[in-house]
Every structure is written in C-alpha cells, then in structure tokens.
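**Student:** Below is the file upload.txt, which contains compact mmCIF, C-alpha atoms and all ligand atoms.
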# COMPACT_ATOMS: atom_id res chain seq x y z
CA MET A 144 -4.88 0.82 10.16
CA GLY A 145 -4.36 3.37 7.37
CA THR A 146 -7.14 5.49 5.90
CA ASN A 147 -7.10 3.67 2.57
CA THR A 148 -7.25 0.21 4.14
CA ARG A 149 -10.63 -1.32 3.26
CA HIS A 150 -12.31 -4.71 3.58
CA ASN A 151 -15.38 -4.20 1.41
CA TRP A 152 -14.09 -4.23 -2.16
CA THR A 153 -16.61 -5.01 -4.88
CA TYR A 154 -15.91 -6.85 -8.13
CA LYS A 155 -16.85 -3.81 -10.24
CA GLU A 156 -14.45 -1.51 -8.40
CA VAL A 157 -11.56 -3.91 -8.58
CA GLU A 158 -12.13 -4.78 -12.22
CA LYS A 159 -11.93 -1.07 -13.05
CA ILE A 160 -8.64 -0.70 -11.17
CA PHE A 161 -7.27 -3.88 -12.76
CA ASN A 162 -8.04 -2.88 -16.34
CA GLN A 163 -7.03 0.77 -16.34
CA PRO A 164 -4.13 1.62 -18.69
CA PHE A 165 -1.00 -0.21 -17.53
CA ASN A 166 0.98 2.96 -16.79
CA ASP A 167 -1.87 4.43 -14.75
CA LEU A 168 -2.17 1.21 -12.76
CA LEU A 169 1.56 1.10 -11.99
CA PHE A 170 1.57 4.79 -11.09
CA GLN A 171 -1.34 4.28 -8.66
CA ALA A 172 0.25 1.19 -7.12
CA GLN A 173 3.66 2.84 -6.72
CA GLY A 174 2.05 5.91 -5.11
CA ILE A 175 0.24 3.78 -2.53
CA HIS A 176 3.39 1.72 -2.01
CA ARG A 177 5.36 4.87 -1.15
CA GLU A 178 2.74 5.96 1.41
CA HIS A 179 3.39 2.79 3.41
CA PHE A 180 6.86 1.49 2.61
CA ASN A 181 10.35 2.51 1.68
CA PRO A 182 10.20 1.73 -2.09
CA ASN A 183 13.84 0.64 -2.12
CA LYS A 184 13.69 -2.02 0.56
CA ILE A 185 12.46 -5.59 0.33
CA GLN A 186 11.92 -8.26 2.94
CA ILE A 187 13.79 -11.48 2.28
CA SER A 188 12.77 -14.97 3.36
CA THR A 189 14.33 -18.38 2.81
CA LEU A 190 12.36 -21.60 2.43
CA LEU A 191 13.11 -25.12 3.60
CA SER A 192 11.06 -28.23 3.02
CA ILE A 193 10.96 -30.03 6.36
CA LYS A 194 8.90 -32.97 5.05
CA THR A 195 8.84 -33.67 1.33
CA GLY A 196 6.37 -35.44 -0.94
CA ALA A 197 3.73 -38.18 -0.45
CA CYS A 198 1.07 -35.60 0.39
CA PRO A 199 -2.50 -36.96 0.39
CA GLU A 200 -3.98 -33.77 -1.14
CA ASP A 201 -4.52 -33.55 -4.91
CA CYS A 202 -3.46 -29.92 -5.62
CA LYS A 203 -2.96 -30.06 -9.41
CA TYR A 204 0.00 -27.67 -9.37
CA CYS A 205 2.00 -29.48 -6.73
CA PRO A 206 4.97 -31.78 -7.28
CA GLN A 207 4.55 -33.14 -3.74
CA SER A 208 1.08 -34.61 -4.17
CA ALA A 209 0.98 -38.41 -3.94
CA HIS A 210 -1.67 -38.34 -6.67
CA TYR A 211 0.91 -37.56 -9.38
CA GLN A 212 4.13 -39.17 -10.58
CA THR A 213 6.87 -36.56 -10.28
CA ASP A 214 10.65 -36.79 -9.92
CA ILE A 215 10.99 -35.35 -6.40
CA GLU A 216 12.77 -37.25 -3.66
CA LYS A 217 10.41 -37.97 -0.79
CA GLU A 218 11.72 -37.26 2.70
CA LYS A 219 10.34 -37.83 6.20
CA LEU A 220 10.26 -35.04 8.79
CA VAL A 221 13.86 -33.79 8.99
CA ALA A 222 15.85 -33.53 12.22
CA VAL A 223 15.67 -30.29 14.22
CA GLN A 224 19.46 -29.89 13.96
CA SER A 225 19.35 -29.95 10.12
CA VAL A 226 16.68 -27.25 10.20
CA LEU A 227 18.82 -25.16 12.51
CA ASP A 228 21.86 -25.59 10.26
CA ALA A 229 19.84 -24.53 7.20
CA ALA A 230 18.49 -21.50 9.07
CA LYS A 231 22.03 -20.48 10.05
CA ARG A 232 23.10 -20.66 6.40
CA ALA A 233 20.07 -18.58 5.40
CA LYS A 234 20.98 -15.98 8.02
CA GLU A 235 24.57 -15.91 6.78
CA ILE A 236 23.46 -15.04 3.24
CA GLY A 237 21.30 -12.23 4.63
CA SER A 238 17.81 -13.71 4.97
CA THR A 239 15.70 -12.42 7.86
CA ARG A 240 12.81 -14.89 7.84
CA PHE A 241 13.00 -18.66 7.71
CA CYS A 242 9.95 -20.47 6.30
CA MET A 243 9.52 -24.16 6.95
CA GLY A 244 7.08 -26.11 4.76
CA ALA A 245 5.69 -29.62 5.13
CA ALA A 246 3.82 -31.71 2.56
CA TRP A 247 1.02 -32.56 4.95
CA ARG A 248 -2.74 -32.32 4.87
CA ASN A 249 -2.33 -31.39 8.54
CA PRO A 250 0.32 -32.01 11.20
CA LEU A 251 -0.28 -35.08 13.40
CA LYS A 252 -0.14 -34.89 17.19
CA LYS A 253 3.13 -36.84 17.19
CA ASP A 254 4.78 -34.30 14.85
CA MET A 255 4.01 -31.26 16.98
CA PRO A 256 6.87 -31.51 19.54
CA TYR A 257 9.44 -31.55 16.69
CA VAL A 258 7.79 -28.73 14.82
CA LEU A 259 7.59 -26.60 17.98
CA GLU A 260 11.25 -27.28 18.71
CA MET A 261 12.11 -26.12 15.17
CA VAL A 262 10.32 -22.83 15.80
CA ARG A 263 12.11 -22.29 19.11
CA SER A 264 15.55 -23.09 17.73
CA VAL A 265 15.23 -20.93 14.58
CA LYS A 266 13.94 -18.07 16.74
CA SER A 267 16.99 -18.42 18.97
CA LEU A 268 19.07 -17.27 15.96
CA GLY A 269 17.17 -13.98 15.97
CA MET A 270 15.33 -14.82 12.73
CA GLU A 271 11.62 -14.47 12.08
CA THR A 272 9.88 -17.81 11.70
CA CYS A 273 7.18 -18.93 9.30
CA MET A 274 5.60 -22.35 8.87
CA THR A 275 3.26 -23.90 6.35
CA LEU A 276 2.03 -27.30 7.51
CA GLY A 277 -1.47 -27.53 6.02
CA ARG A 278 -4.71 -27.43 7.99
CA LEU A 279 -4.46 -26.63 11.72
CA ASP A 280 -6.84 -27.15 14.62
CA GLU A 281 -7.20 -24.55 17.39
CA GLU A 282 -4.86 -26.37 19.75
CA GLN A 283 -2.08 -26.61 17.18
CA ALA A 284 -2.41 -22.93 16.31
CA GLU A 285 -2.14 -22.08 20.03
CA GLN A 286 0.90 -24.32 20.46
CA LEU A 287 2.66 -22.70 17.50
CA ALA A 288 1.84 -19.25 18.87
CA GLU A 289 3.20 -20.19 22.30
CA ALA A 290 6.42 -21.50 20.72
CA GLY A 291 6.80 -18.02 19.22
CA LEU A 292 5.90 -18.66 15.58
CA ASP A 293 5.73 -15.29 13.81
CA TYR A 294 3.89 -16.21 10.57
CA TYR A 295 1.76 -19.06 9.28
CA ASN A 296 1.47 -19.51 5.51
CA HIS A 297 -1.76 -20.94 4.20
CA ASN A 298 -2.76 -19.90 0.69
CA LEU A 299 -6.21 -19.55 -0.81
CA ASP A 300 -4.45 -20.32 -4.11
CA THR A 301 -7.20 -19.04 -6.46
CA SER A 302 -10.79 -17.80 -6.63
CA PRO A 303 -13.56 -19.78 -4.90
CA GLU A 304 -15.09 -20.34 -8.37
CA PHE A 305 -11.96 -21.88 -9.98
CA TYR A 306 -10.75 -23.68 -6.85
CA GLY A 307 -12.68 -26.94 -7.52
CA GLN A 308 -10.79 -27.43 -10.79
CA ILE A 309 -7.47 -27.37 -8.93
CA ILE A 310 -8.11 -29.15 -5.62
CA THR A 311 -10.84 -31.61 -4.70
CA THR A 312 -9.55 -33.05 -1.42
CA ARG A 313 -9.88 -29.89 0.70
CA THR A 314 -12.46 -27.11 0.53
CA TYR A 315 -12.02 -23.36 0.22
CA GLU A 316 -14.02 -22.94 3.42
CA ASP A 317 -11.62 -25.25 5.22
CA ARG A 318 -8.73 -22.98 4.19
CA LEU A 319 -10.56 -19.90 5.43
CA GLN A 320 -11.09 -21.62 8.77
CA THR A 321 -7.39 -22.43 9.19
CA ILE A 322 -6.55 -18.80 8.40
CA SER A 323 -9.02 -17.62 11.00
CA LYS A 324 -7.62 -20.02 13.66
CA VAL A 325 -4.11 -18.75 12.95
CA ARG A 326 -5.29 -15.15 13.31
CA TYR A 327 -7.19 -15.94 16.51
CA ALA A 328 -4.08 -17.54 18.04
CA GLY A 329 -2.20 -14.27 17.43
CA ILE A 330 0.10 -15.49 14.65
CA LYS A 331 0.62 -13.23 11.64
CA VAL A 332 -0.99 -14.48 8.45
CA CYS A 333 0.84 -15.17 5.18
CA CYS A 334 -1.78 -15.88 2.53
CA GLY A 335 -1.85 -15.53 -1.24
CA GLY A 336 -2.21 -17.57 -4.37
CA ILE A 337 -0.85 -18.92 -7.63
CA LEU A 338 -1.28 -17.37 -11.07
CA GLY A 339 -0.95 -19.10 -14.42
CA MET A 340 -3.00 -22.21 -13.61
CA GLY A 341 -5.45 -21.58 -16.48
CA GLU A 342 -7.64 -19.27 -14.41
CA THR A 343 -9.38 -16.26 -15.98
CA GLN A 344 -8.79 -12.63 -15.10
CA LYS A 345 -12.07 -12.79 -13.21
CA ASP A 346 -10.55 -15.51 -11.03
CA ARG A 347 -7.46 -13.42 -10.35
CA ILE A 348 -9.67 -10.50 -9.35
CA ASN A 349 -11.86 -12.71 -7.16
CA LEU A 350 -8.79 -14.16 -5.41
CA LEU A 351 -7.60 -10.64 -4.59
CA ILE A 352 -11.06 -9.68 -3.34
CA GLN A 353 -11.13 -12.73 -1.06
CA LEU A 354 -7.76 -11.72 0.42
CA ALA A 355 -8.53 -8.02 0.74
CA ASN A 356 -11.98 -8.59 2.27
CA LEU A 357 -10.70 -10.84 5.07
CA PRO A 358 -11.43 -9.24 8.48
CA GLU A 359 -7.71 -8.32 8.60
CA HIS A 360 -5.38 -8.22 5.64
CA PRO A 361 -2.69 -10.92 5.65
CA GLU A 362 0.58 -9.34 6.72
CA SER A 363 2.26 -11.22 3.86
CA VAL A 364 0.66 -11.87 0.48
CA PRO A 365 2.65 -14.32 -1.66
CA ILE A 366 1.88 -14.08 -5.36
CA ASN A 367 3.27 -17.22 -6.96
CA MET A 368 3.66 -17.79 -10.69
CA LEU A 369 2.95 -21.45 -11.33
CA VAL A 370 6.13 -23.52 -11.54
CA LYS A 371 5.17 -26.14 -14.11
CA VAL A 372 6.45 -29.45 -12.87
CA LYS A 373 6.70 -32.59 -15.03
CA GLY A 374 4.17 -35.18 -13.95
CA THR A 375 1.62 -32.71 -12.52
CA PRO A 376 -1.66 -32.13 -14.39
CA LEU A 377 -0.67 -28.48 -15.01
CA GLU A 378 2.66 -29.41 -16.56
CA LYS A 379 1.71 -28.16 -20.03
CA ILE A 380 -0.65 -25.31 -19.21
CA GLU A 381 -0.25 -22.18 -21.34
CA ASP A 382 1.97 -19.39 -19.97
CA LEU A 383 0.24 -16.44 -18.36
CA ASP A 384 0.77 -13.05 -20.05
CA PRO A 385 3.51 -11.41 -17.91
CA PHE A 386 1.59 -8.11 -17.91
CA GLU A 387 -1.39 -9.88 -16.33
CA PHE A 388 0.95 -11.08 -13.60
CA ILE A 389 2.27 -7.56 -13.00
CA ARG A 390 -1.26 -6.15 -13.01
CA THR A 391 -2.24 -8.67 -10.32
CA VAL A 392 0.74 -7.63 -8.17
CA ALA A 393 -0.18 -3.96 -8.61
CA VAL A 394 -3.81 -4.55 -7.65
CA ALA A 395 -2.72 -6.59 -4.60
CA ARG A 396 -0.63 -3.58 -3.54
CA ILE A 397 -3.56 -1.19 -4.02
CA LEU A 398 -6.09 -3.37 -2.20
CA MET A 399 -3.77 -4.33 0.69
CA PRO A 400 -1.59 -1.22 1.10
CA GLU A 401 0.06 -2.25 4.36
CA SER A 402 0.83 -5.85 3.49
CA HIS A 403 4.11 -7.18 2.23
CA VAL A 404 3.38 -8.49 -1.26
CA ARG A 405 5.79 -11.27 -2.09
CA LEU A 406 7.06 -12.01 -5.59
CA SER A 407 7.15 -15.72 -4.73
CA ALA A 408 7.58 -18.90 -6.76
CA GLY A 409 8.36 -18.59 -10.46
CA ARG A 410 11.18 -16.02 -10.39
CA GLU A 411 13.58 -18.54 -11.91
CA ASN A 412 11.61 -18.26 -15.15
CA MET A 413 11.17 -14.47 -15.04
CA SER A 414 13.47 -11.97 -16.69
CA GLU A 415 15.19 -9.45 -14.42
CA GLU A 416 13.18 -6.73 -16.17
CA MET A 417 9.94 -8.46 -15.20
CA GLN A 418 11.07 -8.77 -11.60
CA ALA A 419 12.01 -5.08 -11.56
CA MET A 420 8.55 -4.26 -12.90
CA ALA A 421 6.96 -6.36 -10.15
CA PHE A 422 8.93 -4.35 -7.54
CA PHE A 423 7.73 -1.14 -9.18
CA ALA A 424 4.16 -2.49 -9.04
CA GLY A 425 4.55 -2.86 -5.27
CA ALA A 426 6.07 -6.25 -4.57
CA ASN A 427 8.39 -5.87 -1.60
CA SER A 428 9.38 -9.36 -0.55
CA ILE A 429 11.08 -12.36 -2.19
CA PHE A 430 12.14 -15.89 -1.45
CA TYR A 431 15.92 -15.88 -1.42
CA GLY A 432 18.22 -18.89 -1.71
CA GLU A 433 18.70 -21.41 -4.47
CA LYS A 434 15.70 -23.61 -3.68
CA LEU A 435 12.02 -23.03 -2.95
CA LEU A 436 10.57 -26.22 -1.46
CA THR A 437 11.42 -28.70 -4.20
CA THR A 438 12.03 -26.50 -7.27
CA PRO A 439 14.85 -24.06 -8.11
CA ASN A 440 14.96 -20.37 -7.23
CA PRO A 441 17.55 -17.88 -8.56
CA GLN A 442 21.08 -18.18 -7.12
CA SER A 443 21.51 -15.78 -4.19
CA GLU A 444 24.52 -14.15 -5.90
CA LYS A 445 22.32 -13.36 -8.90
CA ASP A 446 19.68 -11.81 -6.62
CA LEU A 447 22.27 -9.73 -4.79
CA ILE A 448 23.57 -8.35 -8.05
CA LEU A 449 20.03 -7.59 -9.24
CA MET A 450 19.25 -5.78 -5.98
CA LYS A 451 22.45 -3.78 -6.30
CA ARG A 452 21.63 -2.80 -9.91
CA LEU A 453 18.17 -1.67 -8.83
CA GLY A 454 19.39 0.12 -5.70
CA ILE A 455 17.19 -2.13 -3.57
CA ARG A 456 18.30 -3.12 -0.08
CA PRO A 457 17.01 -5.81 2.25
CA GLU A 458 14.61 -4.61 4.90
CA LYS A 459 15.32 -5.03 8.60
CA LYS A 460 13.27 -3.89 11.59
CA ASN A 461 15.57 -1.92 13.90
CA ASP A 462 18.51 0.35 13.17
CA TYR A 463 21.20 -1.66 14.95
CA GLU A 464 20.17 -4.90 13.29
CA ASP A 465 19.90 -2.99 10.04
CA GLU A 466 23.57 -1.99 10.24
CA VAL A 467 24.70 -5.54 11.02
CA HIS A 468 22.45 -6.89 8.30
CA GLN A 469 23.63 -4.47 5.64
CA ALA A 470 27.21 -5.50 6.49
CA VAL A 471 26.33 -9.19 5.95
CA ILE A 472 24.72 -8.36 2.61
CA ALA A 473 27.65 -6.13 1.56
CA GLU A 474 30.09 -8.96 2.26
CA SER A 475 27.98 -11.49 0.31
CA LEU A 476 27.78 -9.01 -2.56
CA ILE A 477 31.57 -8.62 -2.71
CA ILE A 478 31.91 -12.41 -2.89
CA ALA A 479 29.17 -12.60 -5.56
CA THR A 480 30.80 -9.90 -7.68
CA GLN A 481 34.24 -11.53 -7.37
CA LYS A 482 32.77 -14.87 -8.46
CA LYS A 483 31.07 -13.20 -11.46
CA ASP A 484 34.27 -11.39 -12.50
CA CYS A 485 36.52 -14.39 -12.16
CA CYS A 486 34.37 -17.02 -14.05
N1 LIG A 501 1.02 -28.62 2.42
C1 LIG A 501 0.85 -27.32 2.89
C2 LIG A 501 -0.29 -26.58 2.23
O1 LIG A 501 -0.53 -26.81 1.04
O2 LIG A 501 -0.92 -25.77 2.87
C3 LIG A 501 2.10 -26.47 2.83
C4 LIG A 501 3.06 -26.61 1.67
S1 LIG A 501 2.44 -26.11 0.09
C5 LIG A 501 3.72 -26.64 -0.99
C6 LIG A 501 2.54 -24.35 0.12
C7 LIG A 501 2.09 -23.58 -1.09
O3 LIG A 501 3.05 -23.68 -2.13
C8 LIG A 501 0.81 -23.97 -1.76
O4 LIG A 501 -0.31 -23.49 -1.11
C9 LIG A 501 0.94 -23.33 -3.13
O5 LIG A 501 0.37 -22.04 -3.12
C10 LIG A 501 2.46 -23.23 -3.32
N2 LIG A 501 2.90 -24.08 -4.44
C11 LIG A 501 3.00 -25.41 -4.43
N3 LIG A 501 3.40 -25.89 -5.62
C12 LIG A 501 3.57 -24.81 -6.42
C13 LIG A 501 3.96 -24.64 -7.79
N4 LIG A 501 4.24 -25.67 -8.57
N5 LIG A 501 4.03 -23.39 -8.28
C14 LIG A 501 3.73 -22.33 -7.48
N6 LIG A 501 3.35 -22.43 -6.20
C15 LIG A 501 3.26 -23.65 -5.67
C1 LIG A 502 4.15 -19.79 -1.06
O1 LIG A 502 3.15 -19.07 -1.33
N1 LIG A 502 5.05 -20.18 -1.96
C2 LIG A 502 6.04 -21.02 -1.33
C3 LIG A 502 5.66 -20.95 0.16
N2 LIG A 502 4.44 -20.24 0.14
C4 LIG A 502 5.60 -22.17 0.96
C5 LIG A 502 6.13 -22.37 -1.92
C6 LIG A 502 6.38 -22.39 -3.40
C7 LIG A 502 6.55 -23.81 -3.83
C8 LIG A 502 6.93 -23.94 -5.26
C9 LIG A 502 7.06 -25.36 -5.67
C10 LIG A 502 8.12 -26.14 -4.95
O2 LIG A 502 9.28 -25.66 -4.82
O3 LIG A 502 7.85 -27.27 -4.52
FE1 LIG A 503 0.13 -31.19 -0.30
FE2 LIG A 503 0.51 -28.61 0.11
FE3 LIG A 503 1.29 -29.78 -2.18
FE4 LIG A 503 -1.30 -29.46 -1.72
S1 LIG A 503 0.22 -27.83 -1.97
S2 LIG A 503 -0.31 -31.34 -2.46
S3 LIG A 503 -1.38 -29.73 0.48
S4 LIG A 503 2.10 -30.17 -0.18
Please express the file's structure as structure tokens.

**Tutor:**
Amino acid sequence: MGTNTRHNWTYKEVEKIFNQPFNDLLFQAQGIHREHFNPNKIQISTLLSIKTGACPEDCKYCPQSAHYQTDIEKEKLVAVQSVLDAAKRAKEIGSTRFCMGAAWRNPLKKDMPYVLEMVRSVKSLGMETCMTLGRLDEEQAEQLAEAGLDYYNHNLDTSPEFYGQIITTRTYEDRLQTISKVRYAGIKVCCGGILGMGETQKDRINLLIQLANLPEHPESVPINMLVKVKGTPLEKIEDLDPFEFIRTVAVARILMPESHVRLSAGRENMSEEMQAMAFFAGANSIFYGEKLLTTPNPQSEKDLILMKRLGIRPEKKNDYEDEVHQAVIAESLIIATQKKDCC
C-alpha cells in the first residue's frame, strides 16, 4: 500500500479537492497518476452479456430491467462455447480482460456450473476474467474464486443518500455485503458508479467517499456516464456538465491512487477531446469493442486510432506478453488505418 493511500476521507476534504480550480485539480490528479502508473498505458477490457434482459430489479437507468419497456432483445444464459468464441475475438482485437455480465438479481444454484465453466474456459485463453452477476452468497463467491475468477464487478452506482431514488428492490447495504464477500473469497473487486442520473455534486462526492473508504480500495473503479435508453425512467434526464464528469474522474484518481479508474459506459457520446481529458485526469482503463452489454460502444478501429493519436498503448503485465500484445495491436491498427484511408 502506498503512502498516500487512505481510507478515512471526510466530506470537507474531498469537497475542497473536487472544487479547486480545474487546472489545479487535473495537475494534482496527473501527478498522483504518474507516481503509480505509466501515464501512457491503459488497461483494456471487453464486455459480453451472457444473459440479457428480464431482470427483476428496478434500477432506473437500466435497459435490462423487467420493470420498463425497452427495445432490447431478451436472451437466456448463452452457451459456454459462444462465450469462448466471443472471448477469442476480444483477444484477437487486443483486449486483455473479458467481462461477462448477467441481468440477474443473483445467480441461481442451477446456473453456477455453466458460469464456472465460462470462467475456466476464458482463463484457458490466457485472458483475465471478470463477472458481474448481481448479488452473491459466500458459497458462490468461493466457487467463483476456485474457478479462477480474477475480478467481480458490483457497483455502488451512486451515493447512499440518492440511491433510493434510483433502485428500490435492493439496498445499498446489500451491495456492500456482496463486495465484502467477493473480497473475502480473494477475488479482486471492480466497483464504481454512474454519473448523470440527476444526482448532485454532493452525491458524486459521497459515492467517491464510499469507494475510497472501503477497507481496501477496489482494484478497478468504473466511472460510467449514464447511457440514456428509451423506455427507462432516466431516458430524458438532463446531460451532466462534462467538466463535472472529468472532475469526478480526477478525484477518483486522487482518492484511490493505486486503482485502475475505468472510463466506462458513455464513451460513444463523448468527444475524443473529452476522452483525452479523462485520461489526463487519471482514467487508465476502457471497455473496448463495439458493444457494452446491450448498448453501443465506439468501434475498436476508432479507439485504436485515438490511442495512436494520443500515444497511448494498451497495458499488459509481463514483458513477453507485452511484446506479443503490442504486435496484435499494431496489426489491428494497420487494418484500421487501411479501412479509414480506403472508405
Ligand atoms: N445485474 C448485475 C448487477 O446489476 O449487479 C450485473 C449487470 S449490470 C448491467 C452492471 C452495471 O452496469 C450496473 O451496476 C450499472 O452500474 C451499469 N449500467 C447499467 N445500465 C447502465 C446505463 N444505462 N448507463 C450506464 N451504466 C449502466
Ligand atoms: C460497469 O460499471 N459498466 C459496465 C460493466 N460494469 C458491466 C456495464 C455498462 C452497461 C451500459 C448499458 C448497457 O450496455 O446495457
Ligand atoms: Fe438488473 Fe443489473 Fe440492470 Fe439492475 S443493473 S436492472 S440488477 S441487470
């Protein structure tokens, strides 16, 4: 644990950091970022929805909730082989982590053998694995750990104070308990939230305090910008000021200096300049590939070209794999550039 890693942040302290002049905030965040990470590398993950729609929870942002009428195509738990094929494609385009998400309140006992097999088969490709399946009990967390799951994603989504206006079918405390079970089982934690749901700045600060004051910081902190989906109650909510979004990323970086902060959902509606600013503020991870779970993400070719223009390279753990990985990315980039030039 680094010297500036703390778990006792107060509202007053964080508010002061959050509201300092924008340039000072970005300078502070970038300085801390450079103490812990190579500023020109980002971790890249690809998502796959392994079970889509008909979810019993009422999360007001979510196109997969059965409580709202949206245009998504519902799908039962997909076959292990399809997951493996999708993971292979993700690896081929240069992704290093494969995240599998299910629209469940919690996995049922009968689902577990399939889910565990998915973890084992994706791992056999040499990729990192991540799952987000809703609430877990201790036994399920243990089983996932034994299968070799690297990360479990379970978001707090927003502040405890605003939470009740977004979700009524599951409590904040329940989420904290799942996170603690995941941690106890020895799986790395991926936990963050969504901005732009009509929350106040106070809520954004309180979300970050909740994350940073966990007994251990989540290894991954996804910061999602709400994707407004037709049919959900948040469909017409007002846009968040982009600078507020960047400030939140910067404060996440300052409060959780050793965590990967992921610029998550919402990139499809962000300018490239805004994404570059988020990287400068300390974001060092993205979802890569044309789809998130049910909504679009930027084309991978577009992302490769952006990374090239910014001099950013994908992160990999060891040197040998790094060489192989950079070669995969270089090849994809040549194809992407040729496509751009020809059409
Ligand atoms: N059902 C599981 C759960 O909620 O824990 C896993 C899947 S759920 C889709 C994973 C996360 O996606 C949610 O916690 C939320 O943070 C994010 N998410 C869902 N819909 C979103 C949207 N429209 N915009 C941004 N993020 C969204
Ligand atoms: C996270 O924080 N964001 C991802 C992942 N964890 C599972 C999901 C974003 C979903 C966006 C809406 C959709 O595509 O359905
Ligand atoms: Fe279900 Fe997860 Fe969507 Fe909530 S966010 S409705 S739990 S799929």

**Student:** How would you write, as an MDAnalysis selection string, the set of residues no farther than 7 Å from ligand LIG 502 (chain A) when counting only C-alpha atoms and all ligand atoms?

**Tutor:** chainID A and resid 190 205:207 244 275 296 298 335:336 365:367 370 407:408 434:439

**Student:** I'd like the box whose edges run along x, y and z of the file and which contains every listed atom of region 355-372 of chain A, padded by 6 Å per side; could you state its centre and edge lengths in Å, one decimal, as AutoDock Vina command-line options?

**Tutor:**
--center_x -2.8 --center_y -18.7 --center_z -2.8 --size_x 30.4 --size_y 33.4 --size_z 34.7

**Student:** Rank A:Tyr295, A:Phe165, A:Phe386, A:Phe241 by their smallest atom-to-atom distance to ligand LIG 501 (chain A), using all atoms listed in the file, and report the top residue only.

**Tutor:**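 For ligand LIG 501 (chain A), the nearest of the given residues is A:Tyr295.
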
**Student:** Have a look at A:Asn349, A:Ser188, A:Gln163, A:Asn412 and name the one nearest to Ile429 (chain A); count only C-alpha atoms.

**Tutor:**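 Checking each candidate against Ile429 (chain A), we get A:Ser188 as the closest.
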
**Student:** List as number ranges by chain the residues having at least one atom at most 6 Å from position (3.0, -32.2, 8.4) as given in the file, counting only C-alpha atoms.

**Tutor:** A: 245-247, 249-250, 276

**Student:** By how many Å are CA of Gln308 (chain A) and CA of Lys203 (chain A) apart?

**Tutor:**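 It comes out at 8.4 Å.
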
**Student:** Can you pull out every residue within 8 Å of region 356-360 of chain A, counting only C-alpha atoms, but drop anything in the same chain fewer than 6 positions away, and send it as an NGL selection string?

**Tutor:** :A and (149-152 or 399 or 402)

**Student:** Just checking: using only C-alpha atoms, which residue out of A:Arg347, A:Gln173, A:Glu444, A:Met261 ends up closest to Ala229 (chain A)?

**Tutor:**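 Looking at the shortest contact to Ala229 (chain A), the residue is A:Met261.
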
**Student:** Kindly give the distance, in Å, that separates CA of Leu319 (chain A) and CA of Ile397 (chain A), rounded to a single decimal.

**Tutor:**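 Rounded to one decimal, the two atoms are 22.1 Å apart.
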
**Student:** From the list A:Leu406, A:Cys202, A:Ile352, A:Ile322, which residue is nearest Phe161 (chain A) when using all atoms listed in the file?

**Tutor:**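 Closest to Phe161 (chain A), using all atoms listed in the file: A:Ile352.
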
**Student:** Return the single residue from A:Gln283, A:Gln353, A:Thr189, A:Asn181 that is closest to Ala233 (chain A), with distances computed using all atoms listed in the file.

**Tutor:** A:Thr189

**Student:** Have a look at CA of Ile337 (chain A) and atom N6 of ligand LIG 501 (chain A) and let me know their distance in Å, one decimal.

**Tutor:**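 Pair CA of Ile337 (chain A) / atom N6 of ligand LIG 501 (chain A) returns 5.7 Å.
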
**Student:** Skip Ala197 (chain A) itself and residues of its chain fewer than 3 positions away, then list as a count of residues only all residues within 12 Å of it, counting all atoms listed in the file.

**Tutor:** 23

**Student:** Looking at A:Lys451, A:Lys373, A:Lys324, A:Lys231, which one is nearest to Ser264 (chain A), with distances taken over all atoms listed in the file?

**Tutor:** A:Lys231

**Student:** Show which residues sit within 10 Å of Thr239 (chain A), as a PyMOL selection string. Count all atoms listed in the file, and ignore same-chain residues fewer than 5 positions away.

**Tutor:** chain A and resi 186-189+230+233-234+269-272+431+457-460+468

**Student:** Give me the residues near Lys252 (chain A) as a VMD selection string, where near means some atom within 12 Å (using only C-alpha atoms) and where sequence neighbours in that chain fewer than 4 positions away do not count.

**Tutor:** chain A and resid 256 to 259 279 to 280 282 to 283 286

**Student:** At a cut-off of 12 Å around the point (-0.1, 5.5, -12.6) (file coordinates), what residues fall inside when counting all atoms listed in the file? I'd like the answer as an MDAnalysis selection string.

**Tutor:** chainID A and resid 160:161 163:176 390 393:394 397 423:424
